[in-house]
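Okay, input_12.cif is below, mmCIF, C-alpha atoms:
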data_coords
loop_
_atom_site.label_atom_id
_atom_site.label_comp_id
_atom_site.auth_asym_id
_atom_site.auth_seq_id
_atom_site.Cartn_x
_atom_site.Cartn_y
_atom_site.Cartn_z
CA MET A 1 136.28 312.23 23.09
CA ALA A 2 133.01 312.95 24.87
CA GLU A 3 130.67 315.54 23.44
CA ARG A 4 130.71 318.85 25.31
CA VAL A 5 127.40 319.60 26.96
CA ILE A 6 126.63 322.92 28.65
CA PRO A 7 123.56 322.66 30.92
CA LEU A 8 121.79 325.95 31.52
CA VAL A 9 121.07 325.91 35.25
CA ASP A 10 121.03 329.12 37.26
CA GLN A 11 122.00 328.15 40.79
CA ARG A 12 121.65 331.77 41.95
CA LEU A 13 117.94 331.08 42.18
CA ALA A 14 118.43 328.29 44.71
CA ALA A 15 118.80 329.17 48.36
CA LEU A 16 118.58 327.58 51.78
CA ARG A 17 116.98 329.52 54.60
CA ALA A 18 119.36 330.86 57.22
CA VAL A 19 117.57 330.38 60.52
CA LEU A 20 118.07 331.74 64.00
CA PRO A 21 118.76 328.62 66.06
CA ALA A 22 116.64 327.96 69.15
CA ARG A 23 119.88 327.64 71.08
CA PRO A 24 122.06 330.63 70.16
CA VAL A 25 125.59 329.95 68.97
CA PRO A 26 127.83 332.56 70.62
CA ALA A 27 130.81 333.94 68.72
CA THR A 28 133.81 332.70 70.68
CA GLY A 29 136.34 332.50 67.84
CA LEU A 30 136.33 328.70 68.11
CA VAL A 31 133.40 327.46 66.00
CA ALA A 32 134.00 324.11 64.27
CA ASP A 33 132.02 322.18 61.66
CA ALA A 34 130.75 318.59 61.85
CA ARG A 35 134.21 317.30 60.92
CA GLY A 36 136.04 319.46 63.44
CA ARG A 37 137.25 322.03 60.90
CA PRO A 38 137.49 325.62 62.22
CA LEU A 39 136.29 328.69 60.34
CA ARG A 40 139.37 330.74 59.40
CA ASP A 41 139.03 331.99 55.81
CA LEU A 42 136.21 334.07 54.25
CA ARG A 43 136.01 334.64 50.50
CA ILE A 44 133.68 337.43 49.48
CA SER A 45 132.39 337.80 45.93
CA VAL A 46 131.65 341.47 45.22
CA THR A 47 130.28 341.06 41.68
CA ASP A 48 129.06 338.31 39.36
CA ARG A 49 130.38 340.21 36.31
CA CYS A 50 133.69 339.73 34.51
CA ASN A 51 135.24 341.30 31.42
CA PHE A 52 136.86 337.99 30.39
CA ARG A 53 135.10 334.92 28.95
CA CYS A 54 137.49 332.14 29.90
CA SER A 55 136.02 328.83 28.77
CA TYR A 56 136.63 327.11 32.11
CA CYS A 57 134.74 329.80 34.06
CA MET A 58 132.42 332.03 32.00
CA PRO A 59 132.10 330.50 28.51
CA LYS A 60 130.79 332.92 25.93
CA GLU A 61 128.14 330.41 24.84
CA VAL A 62 126.36 330.98 28.16
CA PHE A 63 127.53 334.39 29.37
CA ASP A 64 126.61 336.30 26.21
CA LYS A 65 125.12 339.77 25.72
CA ASN A 66 121.71 338.43 26.74
CA TYR A 67 122.85 336.93 30.05
CA GLN A 68 120.97 338.43 32.99
CA TYR A 69 123.33 339.48 35.76
CA LEU A 70 122.11 340.19 39.26
CA PRO A 71 120.42 343.61 39.55
CA HIS A 72 122.30 346.16 41.62
CA ALA A 73 119.61 346.24 44.31
CA SER A 74 120.22 342.54 44.96
CA LEU A 75 123.90 343.03 45.72
CA LEU A 76 125.09 343.55 49.25
CA SER A 77 126.21 347.10 49.92
CA PHE A 78 129.72 347.69 51.22
CA GLU A 79 128.26 348.40 54.65
CA GLU A 80 126.33 345.13 54.60
CA ILE A 81 129.41 343.18 53.52
CA THR A 82 131.45 344.78 56.29
CA ARG A 83 128.80 344.04 58.89
CA LEU A 84 128.69 340.37 57.92
CA ALA A 85 132.47 340.16 57.76
CA ARG A 86 132.62 341.42 61.34
CA GLN A 87 130.51 338.47 62.47
CA PHE A 88 132.72 335.99 60.62
CA LEU A 89 135.79 337.48 62.29
CA ALA A 90 134.09 337.01 65.65
CA HIS A 91 133.88 333.28 64.85
CA GLY A 92 137.61 333.03 64.16
CA VAL A 93 138.15 334.16 60.58
CA HIS A 94 141.61 335.68 60.11
CA LYS A 95 141.77 336.01 56.33
CA ILE A 96 139.41 337.78 53.92
CA ARG A 97 139.76 337.43 50.15
CA LEU A 98 137.78 339.64 47.75
CA THR A 99 136.84 337.95 44.53
CA GLY A 100 134.19 337.92 41.80
CA GLY A 101 133.59 337.65 38.87
CA GLU A 102 136.22 340.31 38.44
CA PRO A 103 136.22 342.28 41.72
CA LEU A 104 137.85 345.38 40.25
CA LEU A 105 134.72 345.90 38.15
CA ARG A 106 132.83 346.79 41.36
CA LYS A 107 132.68 350.56 41.51
CA ASN A 108 134.65 352.18 44.34
CA ILE A 109 136.00 348.84 45.57
CA GLU A 110 138.67 350.78 47.48
CA ILE A 111 135.97 351.98 49.91
CA LEU A 112 135.10 348.40 50.80
CA VAL A 113 138.79 347.54 51.22
CA GLU A 114 139.18 350.44 53.64
CA GLN A 115 136.14 349.36 55.65
CA LEU A 116 137.33 345.75 55.91
CA ALA A 117 140.87 346.82 56.79
CA GLY A 118 139.42 348.62 59.81
CA LEU A 119 137.98 345.40 61.26
CA ARG A 120 139.77 343.28 63.86
CA THR A 121 140.08 339.55 64.46
CA VAL A 122 139.42 337.92 67.84
CA ASP A 123 143.15 338.45 68.52
CA GLY A 124 142.76 342.19 68.05
CA THR A 125 144.81 342.21 64.84
CA PRO A 126 143.71 343.36 61.36
CA PRO A 127 142.56 340.48 59.14
CA GLU A 128 144.79 339.36 56.30
CA LEU A 129 143.14 341.15 53.37
CA THR A 130 143.73 339.90 49.84
CA LEU A 131 142.11 340.11 46.40
CA THR A 132 142.03 337.83 43.35
CA THR A 133 141.87 339.50 39.93
CA ASN A 134 142.39 338.80 36.26
CA GLY A 135 144.78 341.76 36.26
CA SER A 136 143.10 343.69 33.47
CA LEU A 137 142.41 346.75 35.65
CA LEU A 138 145.19 346.27 38.16
CA ALA A 139 147.67 348.76 36.72
CA ARG A 140 145.28 351.65 37.34
CA LYS A 141 143.96 350.34 40.69
CA ALA A 142 147.01 348.93 42.51
CA ARG A 143 148.15 352.05 44.34
CA ALA A 144 144.65 353.00 45.53
CA LEU A 145 144.02 349.46 46.76
CA LYS A 146 147.27 349.46 48.74
CA ASP A 147 146.52 352.87 50.21
CA ALA A 148 143.07 351.62 51.28
CA GLY A 149 144.60 348.72 53.22
CA LEU A 150 144.79 345.78 50.81
CA GLN A 151 147.80 343.64 51.65
CA ARG A 152 148.36 341.53 48.54
CA VAL A 153 146.87 340.30 45.28
CA THR A 154 146.61 337.05 43.36
CA VAL A 155 146.47 337.39 39.57
CA SER A 156 144.98 334.76 37.27
CA LEU A 157 147.19 334.26 34.21
CA ASP A 158 147.02 331.12 32.09
CA GLY A 159 149.93 331.71 29.72
CA LEU A 160 152.49 334.17 28.40
CA ASP A 161 152.00 333.49 24.71
CA ASP A 162 149.79 336.34 23.59
CA ALA A 163 147.83 334.27 21.07
CA VAL A 164 147.14 331.55 23.65
CA PHE A 165 146.14 334.09 26.29
CA ARG A 166 143.82 335.98 23.97
CA ARG A 167 142.20 332.71 22.94
CA MET A 168 141.71 331.59 26.54
CA ASN A 169 140.22 334.86 27.79
CA ASP A 170 138.08 334.91 24.61
CA VAL A 171 137.82 338.71 24.50
CA ASP A 172 141.14 339.31 22.73
CA PHE A 173 142.74 340.91 25.79
CA PRO A 174 146.55 341.22 25.50
CA VAL A 175 148.82 339.51 28.01
CA ALA A 176 151.07 342.59 28.15
CA GLU A 177 148.43 344.57 30.05
CA VAL A 178 148.12 341.86 32.70
CA LEU A 179 151.90 341.85 33.11
CA GLU A 180 151.74 345.64 33.56
CA GLY A 181 149.18 345.11 36.31
CA ILE A 182 151.44 342.59 38.06
CA ALA A 183 154.33 345.03 37.88
CA ALA A 184 152.15 347.81 39.29
CA ALA A 185 151.05 345.58 42.17
CA ARG A 186 154.66 344.80 43.05
CA GLU A 187 155.61 348.46 42.88
CA ALA A 188 152.69 349.39 45.14
CA GLY A 189 153.75 346.80 47.71
CA LEU A 190 150.86 344.36 47.23
CA GLY A 191 153.05 341.36 47.79
CA PRO A 192 154.13 338.75 47.68
CA VAL A 193 152.14 338.70 44.43
CA LYS A 194 150.81 335.27 43.51
CA VAL A 195 150.03 334.22 39.95
CA ASN A 196 147.52 331.40 39.36
CA MET A 197 147.69 329.35 36.15
CA VAL A 198 144.86 326.92 35.40
CA VAL A 199 146.40 324.12 33.34
CA LYS A 200 144.02 322.60 30.81
CA ARG A 201 145.37 319.68 28.80
CA GLY A 202 145.29 320.32 25.08
CA THR A 203 145.05 324.07 25.58
CA ASN A 204 147.94 325.61 27.49
CA GLU A 205 150.18 322.94 29.03
CA HIS A 206 153.00 324.07 26.73
CA GLU A 207 153.04 327.33 28.72
CA ILE A 208 154.10 325.66 31.99
CA LEU A 209 157.85 326.05 31.50
CA PRO A 210 157.71 329.54 29.93
CA MET A 211 155.63 330.73 32.91
CA ALA A 212 158.15 329.22 35.33
CA ARG A 213 161.08 330.81 33.51
CA HIS A 214 159.38 334.21 33.52
CA PHE A 215 158.46 334.39 37.22
CA ARG A 216 161.33 332.40 38.69
CA GLY A 217 163.64 334.60 40.76
CA THR A 218 161.23 337.56 40.82
CA GLY A 219 159.68 336.98 44.26
CA ILE A 220 156.34 336.24 42.57
CA VAL A 221 154.83 332.88 43.56
CA LEU A 222 153.53 330.95 40.54
CA ARG A 223 150.83 328.39 41.33
CA PHE A 224 149.50 325.72 38.99
CA ILE A 225 145.82 324.77 39.37
CA GLU A 226 144.24 321.59 38.10
CA TYR A 227 141.30 322.28 35.78
CA MET A 228 138.31 321.68 38.06
CA ASP A 229 134.66 320.71 37.63
CA VAL A 230 133.37 323.93 39.15
CA GLY A 231 129.88 324.99 38.11
CA ALA A 232 127.87 323.43 35.31
CA THR A 233 128.71 325.48 32.23
CA ASN A 234 132.40 324.86 31.50
CA GLY A 235 131.97 321.44 29.83
CA TRP A 236 134.51 319.89 32.23
CA ARG A 237 136.03 316.54 31.29
CA MET A 238 138.56 314.49 33.22
CA ASP A 239 140.69 313.94 30.13
CA GLU A 240 141.39 317.70 30.07
CA VAL A 241 142.82 317.62 33.61
CA MET A 242 146.61 317.64 33.81
CA PRO A 243 147.50 316.27 37.27
CA SER A 244 149.79 318.39 39.42
CA ALA A 245 152.24 315.47 39.63
CA GLU A 246 152.64 315.65 35.85
CA VAL A 247 153.07 319.43 35.92
CA ARG A 248 155.69 319.09 38.65
CA ALA A 249 157.55 316.42 36.66
CA ARG A 250 157.64 318.69 33.64
CA LEU A 251 159.04 321.55 35.73
CA ALA A 252 161.65 319.25 37.26
CA THR A 253 163.12 318.52 33.82
CA GLU A 254 164.53 322.05 33.89
CA PHE A 255 164.26 323.19 37.52
CA PRO A 256 164.91 320.74 40.38
CA LEU A 257 162.34 321.21 43.15
CA VAL A 258 162.28 320.53 46.89
CA PRO A 259 159.13 320.28 49.08
CA LEU A 260 158.35 323.12 51.49
CA ASP A 261 156.24 323.15 54.65
CA PRO A 262 152.75 324.74 54.51
CA ASN A 263 152.49 328.37 55.58
CA ALA A 264 149.28 327.75 57.51
CA PRO A 265 146.73 325.00 58.29
CA GLY A 266 144.14 324.55 55.55
CA GLU A 267 146.37 325.99 52.83
CA THR A 268 145.11 325.00 49.38
CA ALA A 269 148.47 324.98 47.60
CA GLU A 270 151.22 322.43 48.12
CA ARG A 271 154.47 324.42 48.22
CA TRP A 272 157.67 323.49 46.41
CA GLY A 273 160.86 325.52 46.22
CA TYR A 274 163.47 325.76 43.51
CA ALA A 275 166.53 323.82 44.67
CA ASP A 276 168.76 326.82 43.96
CA ASP A 277 166.63 329.11 46.20
CA ALA A 278 165.22 331.07 43.24
CA GLY A 279 161.75 331.17 44.77
CA GLU A 280 158.82 328.80 45.01
CA VAL A 281 155.88 327.38 43.08
CA GLY A 282 152.58 325.96 44.30
CA PHE A 283 150.24 323.21 43.17
CA ILE A 284 146.48 323.28 43.81
CA SER A 285 145.26 319.74 43.19
CA SER A 286 141.57 319.55 44.04
CA VAL A 287 140.94 316.83 41.46
CA THR A 288 143.79 314.39 42.12
CA GLN A 289 144.72 315.21 45.73
CA ALA A 290 141.73 316.46 47.71
CA PHE A 291 142.37 318.81 50.63
CA CYS A 292 138.88 318.69 52.14
CA GLY A 293 140.20 317.33 55.43
CA ASP A 294 141.39 320.69 56.72
CA CYS A 295 139.35 323.07 54.54
CA ASN A 296 138.49 326.10 56.67
CA ARG A 297 136.96 328.35 53.98
CA ALA A 298 133.50 329.90 53.75
CA ARG A 299 132.24 331.79 50.71
CA LEU A 300 129.85 334.73 50.65
CA SER A 301 128.16 335.46 47.32
CA THR A 302 127.66 338.94 45.99
CA GLU A 303 124.03 339.02 47.16
CA GLY A 304 124.58 337.46 50.54
CA LYS A 305 124.38 333.68 50.26
CA LEU A 306 126.78 331.67 52.41
CA TYR A 307 128.35 328.70 50.60
CA LEU A 308 130.24 326.04 52.52
CA CYS A 309 132.12 324.51 49.57
CA LEU A 310 133.39 325.64 46.18
CA PHE A 311 131.37 322.78 44.67
CA ALA A 312 128.14 323.46 46.61
CA GLY A 313 124.76 323.53 44.92
CA ASN A 314 122.97 325.81 47.39
CA GLY A 315 123.87 328.69 49.67
CA TYR A 316 122.27 329.96 52.87
CA ASP A 317 120.44 333.27 52.50
CA LEU A 318 122.03 335.67 55.00
CA ARG A 319 120.72 338.74 53.20
CA SER A 320 117.18 338.08 54.42
CA LEU A 321 118.39 338.16 58.00
CA LEU A 322 120.60 341.16 57.32
CA ARG A 323 117.76 343.18 55.81
CA GLY A 324 115.20 341.78 58.23
CA ASN A 325 116.50 343.68 61.25
CA ALA A 326 118.50 340.83 62.76
CA THR A 327 120.93 341.98 65.44
CA ASP A 328 124.67 341.37 65.18
CA GLU A 329 124.36 338.61 67.80
CA GLU A 330 121.61 336.94 65.77
CA LEU A 331 123.64 337.15 62.56
CA ALA A 332 126.64 335.63 64.31
CA SER A 333 124.47 332.89 65.80
CA ALA A 334 123.01 332.00 62.38
CA ILE A 335 126.48 331.86 60.82
CA GLY A 336 127.80 329.70 63.64
CA HIS A 337 124.80 327.35 63.41
CA ILE A 338 125.31 326.90 59.65
CA TRP A 339 129.03 326.23 60.03
CA GLN A 340 128.48 323.70 62.82
CA GLY A 341 126.30 321.65 60.46
CA ARG A 342 128.84 321.68 57.62
CA ASP A 343 130.10 318.29 56.45
CA ASP A 344 131.03 319.10 52.82
CA ARG A 345 133.85 317.06 51.23
CA TYR A 346 133.05 316.96 47.54
CA SER A 347 136.63 316.58 46.30
CA GLU A 348 137.17 313.57 48.55
CA LEU A 349 133.98 311.97 47.26
CA ARG A 350 134.55 312.81 43.58
CA GLY A 351 136.75 309.77 43.03
CA THR A 352 134.02 307.41 44.28
CA MET A 353 131.31 308.87 42.02
CA ALA A 354 130.25 307.47 38.70
CA ALA A 355 131.38 309.72 35.85
CA ASP A 356 127.88 310.96 35.07
CA GLU A 357 127.08 311.55 38.75
CA GLY A 358 130.13 313.75 39.31
CA SER A 359 129.86 315.79 36.13
CA GLY A 360 126.09 316.28 36.27
CA ARG A 361 125.87 317.41 39.87
CA ARG A 362 124.20 320.81 40.21
CA ARG A 363 126.87 323.25 41.38
CA VAL A 364 127.09 326.99 41.68
CA GLU A 365 129.21 328.77 39.05
CA MET A 366 132.73 329.82 39.99
CA SER A 367 132.11 333.27 38.50
CA TYR A 368 129.35 333.72 41.08
CA ILE A 369 131.23 332.84 44.28
CA GLY A 370 134.86 333.09 43.17
CA GLY A 371 137.57 330.46 43.12
#
Could you rewrite the structure in this file as structure tokens?
Amino acid sequence: MAERVIPLVDQRLAALRAVLPARPVPATGLVADARGRPLRDLRISVTDRCNFRCSYCMPKEVFDKNYQYLPHASLLSFEEITRLARQFLAHGVHKIRLTGGEPLLRKNIEILVEQLAGLRTVDGTPPELTLTTNGSLLARKARALKDAGLQRVTVSLDGLDDAVFRRMNDVDFPVAEVLEGIAAAREAGLGPVKVNMVVKRGTNEHEILPMARHFRGTGIVLRFIEYMDVGATNGWRMDEVMPSAEVRARLATEFPLVPLDPNAPGETAERWGYADDAGEVGFISSVTQAFCGDCNRARLSTEGKLYLCLFAGNGYDLRSLLRGNATDEELASAIGHIWQGRDDRYSELRGTMAADEGSGRRRVEMSYIGG
């Protein structure tokens, strides 16, 4: 087994300049990138902090008590986030997902939710507004989030066995409190609730069937995610990846599955239903089955950098334009210009890379721009 190496590279310090193009790019709701992919989904990180230390995202060896988080003055204000989001909607975005770090650690997050819920897409409809959370604070926040305009939540949960879960979050947080948060979200109407389980071979694959048994028939959509080489600090190795096909085969030993059609173009999860109509499960297979071809997602970091791929090394600095008196039209033009030049397809290329090239590539941390 290869030795685990954790390179200490802070990609937050790297940035590409967002320029105002000589030929303005008007916001028509139809902007496409260099591969013809439209812009439809915006993921906004509202904090780089998290109260968990999951080894595949924020390992304690790196994110310790001495780790320097972004200062508050560097973060975009809620008003700045909302202003930028308005320009993305003008280019065709229909879905906004709030993420982190752990987004519920951002003080008064409900105010931001309310501001974003008041925006409109190019069709004149409210954007689909969702949030991804580890669930630790969800029980106390669910009702206020719903009242502010949040439509649904996705909860990260990597196992039901309390000892396994405490070991994976590495802060001794009990699984029961996450389950309480999921229940509170359902009661508040933040549904359908989705639960994401990262499957890491040798760590939690024995939790696949117990998770399926627990959520099956509840209306909650359980999704299995292949352990990915996001960032540079999680010590990722291919031999710890459990392919979705193997997860699906394990599920099928107890629960026959049938394929379902995608809900929307660019959807990350492949949908499968229980043959007895007891609900559905999803499989997110970035490692073994790349979905770059129709990826329509942009990511905005907590201090205003625009990333075009989850595996990107650099983001475009929109904050400088935002705080440099750029007009809304200029902001929209810069965003459109950046998206038109996008040709990212890391997951498609991963399989053609040498092992050291793929694993050593400088990438931004998932805790910084969200999953």
- Run the PyMOL selection byres ((chain A and resi 80) around 12) mentally over the shown coordinates, then write out the matched residues as an MDAnalysis selection string, using the chain letters and numbers from the document. chainID A and resid 44 46 74:79 81:87 112 115:116 300 302:304 318:323 325 328 331
- Message: Translate the PyMOL selection byres ((chain A and resi 34) around 10) into a concrete residue list for this structure, as number ranges by chain.
- Response: A: 32-33, 35-38, 339-344
- So which one's closest to A:Pro127, A:Glu180, A:Asp276, A:Arg40, A:Phe165? Using all atoms listed in the file, please.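 For A:Pro127, the nearest of the given residues is A:Arg40.
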- Figure out the distance between atom CA of A:Ala27 and atom CA of A:Ala90, please, to one decimal in Å.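 Straight-line distance from atom CA of A:Ala90 to atom CA of A:Ala27 works out to 5.4 Å.
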- Reference answer for the PyMOL selection byres ((chain A and resi 150) around 7), as a list in words: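 Selection result, ordered by chain and number: Val113, Leu129, Thr130, Leu145, Lys146, Ala148, Gly149, Gln151 and Arg152 of chain A.
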- Query: For A:Tyr368, which of A:Glu329, A:Asp239, A:Asp48, A:Asp172 is the closest residue, counting all atoms listed in the file?
  - Reply: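 Of A:Glu329, A:Asp239, A:Asp48, A:Asp172, the one nearest A:Tyr368 is A:Asp48, counting all atoms listed in the file.
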- Item | Shell around A:Arg53 at 6 Å using all atoms listed in the file, local window under 2 positions removed, as a VMD selection string | chain A and resid 58 to 60 169 to 170
- Task: Choose the residue, out of A:Glu280, A:Glu128, A:Leu310, A:Tyr56, that has the smallest atom-to-atom separation from A:Val241; count all atoms listed in the file.
- Result: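 Using all atoms listed in the file, the shortest distance to A:Val241 belongs to A:Tyr56.
One finds atom CA of A:Phe224 at 16.4 Å from atom CA of A:Cys54.
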- Task: Identify which of the residues A:Gln289, A:Asn204, A:Asn314, A:Asn196 lies closest to A:Ile369, counting all atoms listed in the file when measuring atom-to-atom distances.
- Result: A:Asn314
- So what do you get for atom CA of A:Leu89 versus atom CA of A:Val221, distance-wise?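 Separation between atom CA of A:Leu89 and atom CA of A:Val221: 27.1 Å.
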- Message: If we count only C-alpha atoms and set the cut-off at 7 Å, which residues sit around A:Ala298, ignoring sequence neighbours fewer than 2 positions away in its own chain? Please answer as number ranges by chain.
- Response: A: 41-43, 296, 300, 307-309
Near A:Val155, within 9 Å and counting all atoms listed in the file, which residues show up once chain neighbours fewer than 4 positions away are dropped, as a PDB file with C-alpha atoms, keeping the file's coordinate frame?
ATOM      1  CA  LEU A 131     142.110 340.110  46.400  1.00  0.00           C
ATOM      2  CA  THR A 132     142.030 337.830  43.350  1.00  0.00           C
ATOM      3  CA  THR A 133     141.870 339.500  39.930  1.00  0.00           C
ATOM      4  CA  ASN A 134     142.390 338.800  36.260  1.00  0.00           C
ATOM      5  CA  GLY A 135     144.780 341.760  36.260  1.00  0.00           C
ATOM      6  CA  VAL A 178     148.120 341.860  32.700  1.00  0.00           C
ATOM      7  CA  GLY A 181     149.180 345.110  36.310  1.00  0.00           C
ATOM      8  CA  ILE A 182     151.440 342.590  38.060  1.00  0.00           C
ATOM      9  CA  VAL A 193     152.140 338.700  44.430  1.00  0.00           C
ATOM     10  CA  LYS A 194     150.810 335.270  43.510  1.00  0.00           C
ATOM     11  CA  VAL A 195     150.030 334.220  39.950  1.00  0.00           C
ATOM     12  CA  ASN A 196     147.520 331.400  39.360  1.00  0.00           C
ATOM     13  CA  MET A 197     147.690 329.350  36.150  1.00  0.00           C
TER      14      MET A 197
END
- Task: Can you work out which one of A:Ile96, A:Ala278, A:Val25, A:Val198 has the shortest atom-to-atom distance to A:Ser45, counting all atoms listed in the file?
- Result: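 Smallest distance to A:Ser45 is found for A:Ile96.
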- Which residue, A:Asn108, A:Thr253, A:Thr125, A:Ser244, has the smallest gap to A:Leu209 when you use only C-alpha atoms?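 Of all the options, A:Thr253 lies closest to A:Leu209.
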- Task: Could you give me, as JSON, numbers by chain, the residues within 7 Å of A:Gly101, counting all atoms listed in the file and dropping anything in the same chain fewer than 5 positions from it?
- Result: {"A": [47, 48, 49, 50, 367, 368, 370]}
Selected residues written out, C-alpha atoms, as a compact mmCIF listing (two decimals), in the frame of the given file:
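Dumped everything to result35.txt:
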# COMPACT_ATOMS: atom_id res chain seq x y z
CA THR A 47 130.28 341.06 41.68
CA ASP A 48 129.06 338.31 39.36
CA ARG A 49 130.38 340.21 36.31
CA CYS A 50 133.69 339.73 34.51
CA SER A 367 132.11 333.27 38.50
CA TYR A 368 129.35 333.72 41.08
CA GLY A 370 134.86 333.09 43.17
Would you please take stretch 146-210 of chain A of the structure in the block above and write C-alpha atoms to a file as a PDB file, in the first residue's frame?
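In the end it all went to out-v9.pdb:
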ATOM      1  CA  LYS A 146     -37.533  26.952   5.387  1.00  0.00           C
ATOM      2  CA  ASP A 147     -39.256  30.145   6.492  1.00  0.00           C
ATOM      3  CA  ALA A 148     -36.521  32.178   4.774  1.00  0.00           C
ATOM      4  CA  GLY A 149     -37.148  30.438   1.452  1.00  0.00           C
ATOM      5  CA  LEU A 150     -34.814  27.434   1.342  1.00  0.00           C
ATOM      6  CA  GLN A 151     -36.438  24.621  -0.616  1.00  0.00           C
ATOM      7  CA  ARG A 152     -34.478  21.522   0.353  1.00  0.00           C
ATOM      8  CA  VAL A 153     -31.312  20.197   1.969  1.00  0.00           C
ATOM      9  CA  THR A 154     -28.711  17.544   1.279  1.00  0.00           C
ATOM     10  CA  VAL A 155     -27.088  15.994   4.351  1.00  0.00           C
ATOM     11  CA  SER A 156     -23.676  14.324   4.321  1.00  0.00           C
ATOM     12  CA  LEU A 157     -23.755  11.102   6.361  1.00  0.00           C
ATOM     13  CA  ASP A 158     -21.183   8.357   5.896  1.00  0.00           C
ATOM     14  CA  GLY A 159     -22.622   5.654   8.139  1.00  0.00           C
ATOM     15  CA  LEU A 160     -25.152   4.776  10.820  1.00  0.00           C
ATOM     16  CA  ASP A 161     -22.817   2.906  13.135  1.00  0.00           C
ATOM     17  CA  ASP A 162     -22.008   5.467  15.799  1.00  0.00           C
ATOM     18  CA  ALA A 163     -18.417   4.324  16.290  1.00  0.00           C
ATOM     19  CA  VAL A 164     -17.736   4.437  12.544  1.00  0.00           C
ATOM     20  CA  PHE A 165     -19.365   7.846  12.187  1.00  0.00           C
ATOM     21  CA  ARG A 166     -17.486   9.338  15.126  1.00  0.00           C
ATOM     22  CA  ARG A 167     -14.236   7.995  13.711  1.00  0.00           C
ATOM     23  CA  MET A 168     -14.926   9.402  10.249  1.00  0.00           C
ATOM     24  CA  ASN A 169     -15.917  12.891  11.413  1.00  0.00           C
ATOM     25  CA  ASP A 170     -12.911  12.775  13.788  1.00  0.00           C
ATOM     26  CA  VAL A 171     -14.490  15.101  16.359  1.00  0.00           C
ATOM     27  CA  ASP A 172     -16.501  12.425  18.177  1.00  0.00           C
ATOM     28  CA  PHE A 173     -19.838  13.795  16.956  1.00  0.00           C
ATOM     29  CA  PRO A 174     -22.746  11.350  17.474  1.00  0.00           C
ATOM     30  CA  VAL A 175     -24.757  10.090  14.525  1.00  0.00           C
ATOM     31  CA  ALA A 176     -27.999  10.484  16.495  1.00  0.00           C
ATOM     32  CA  GLU A 177     -27.792  14.281  16.292  1.00  0.00           C
ATOM     33  CA  VAL A 178     -27.426  14.191  12.507  1.00  0.00           C
ATOM     34  CA  LEU A 179     -30.475  11.920  12.291  1.00  0.00           C
ATOM     35  CA  GLU A 180     -32.363  14.448  14.432  1.00  0.00           C
ATOM     36  CA  GLY A 181     -31.391  17.142  11.946  1.00  0.00           C
ATOM     37  CA  ILE A 182     -32.670  15.056   9.033  1.00  0.00           C
ATOM     38  CA  ALA A 183     -35.953  14.502  10.843  1.00  0.00           C
ATOM     39  CA  ALA A 184     -36.257  18.228  11.553  1.00  0.00           C
ATOM     40  CA  ALA A 185     -35.630  19.041   7.885  1.00  0.00           C
ATOM     41  CA  ARG A 186     -38.385  16.654   6.805  1.00  0.00           C
ATOM     42  CA  GLU A 187     -40.781  18.082   9.356  1.00  0.00           C
ATOM     43  CA  ALA A 188     -40.020  21.630   8.189  1.00  0.00           C
ATOM     44  CA  GLY A 189     -40.716  20.672   4.576  1.00  0.00           C
ATOM     45  CA  LEU A 190     -37.148  20.904   3.262  1.00  0.00           C
ATOM     46  CA  GLY A 191     -37.615  18.001   0.936  1.00  0.00           C
ATOM     47  CA  PRO A 192     -37.131  15.722  -0.668  1.00  0.00           C
ATOM     48  CA  VAL A 193     -34.162  15.423   1.695  1.00  0.00           C
ATOM     49  CA  LYS A 194     -31.100  13.842   0.106  1.00  0.00           C
ATOM     50  CA  VAL A 195     -28.422  12.012   2.078  1.00  0.00           C
ATOM     51  CA  ASN A 196     -24.913  11.721   0.602  1.00  0.00           C
ATOM     52  CA  MET A 197     -22.636   8.860   1.684  1.00  0.00           C
ATOM     53  CA  VAL A 198     -18.999   8.921   0.588  1.00  0.00           C
ATOM     54  CA  VAL A 199     -17.913   5.291   0.340  1.00  0.00           C
ATOM     55  CA  LYS A 200     -14.260   4.729   1.187  1.00  0.00           C
ATOM     56  CA  ARG A 201     -12.989   1.179   0.818  1.00  0.00           C
ATOM     57  CA  GLY A 202     -11.585  -0.203   4.039  1.00  0.00           C
ATOM     58  CA  THR A 203     -13.420   2.377   6.124  1.00  0.00           C
ATOM     59  CA  ASN A 204     -17.200   2.318   5.767  1.00  0.00           C
ATOM     60  CA  GLU A 205     -18.297   0.046   2.910  1.00  0.00           C
ATOM     61  CA  HIS A 206     -19.959  -2.251   5.457  1.00  0.00           C
ATOM     62  CA  GLU A 207     -22.428   0.594   6.099  1.00  0.00           C
ATOM     63  CA  ILE A 208     -23.884   0.508   2.559  1.00  0.00           C
ATOM     64  CA  LEU A 209     -26.690  -1.952   3.287  1.00  0.00           C
ATOM     65  CA  PRO A 210     -27.560  -0.583   6.757  1.00  0.00           C
TER      66      PRO A 210
END
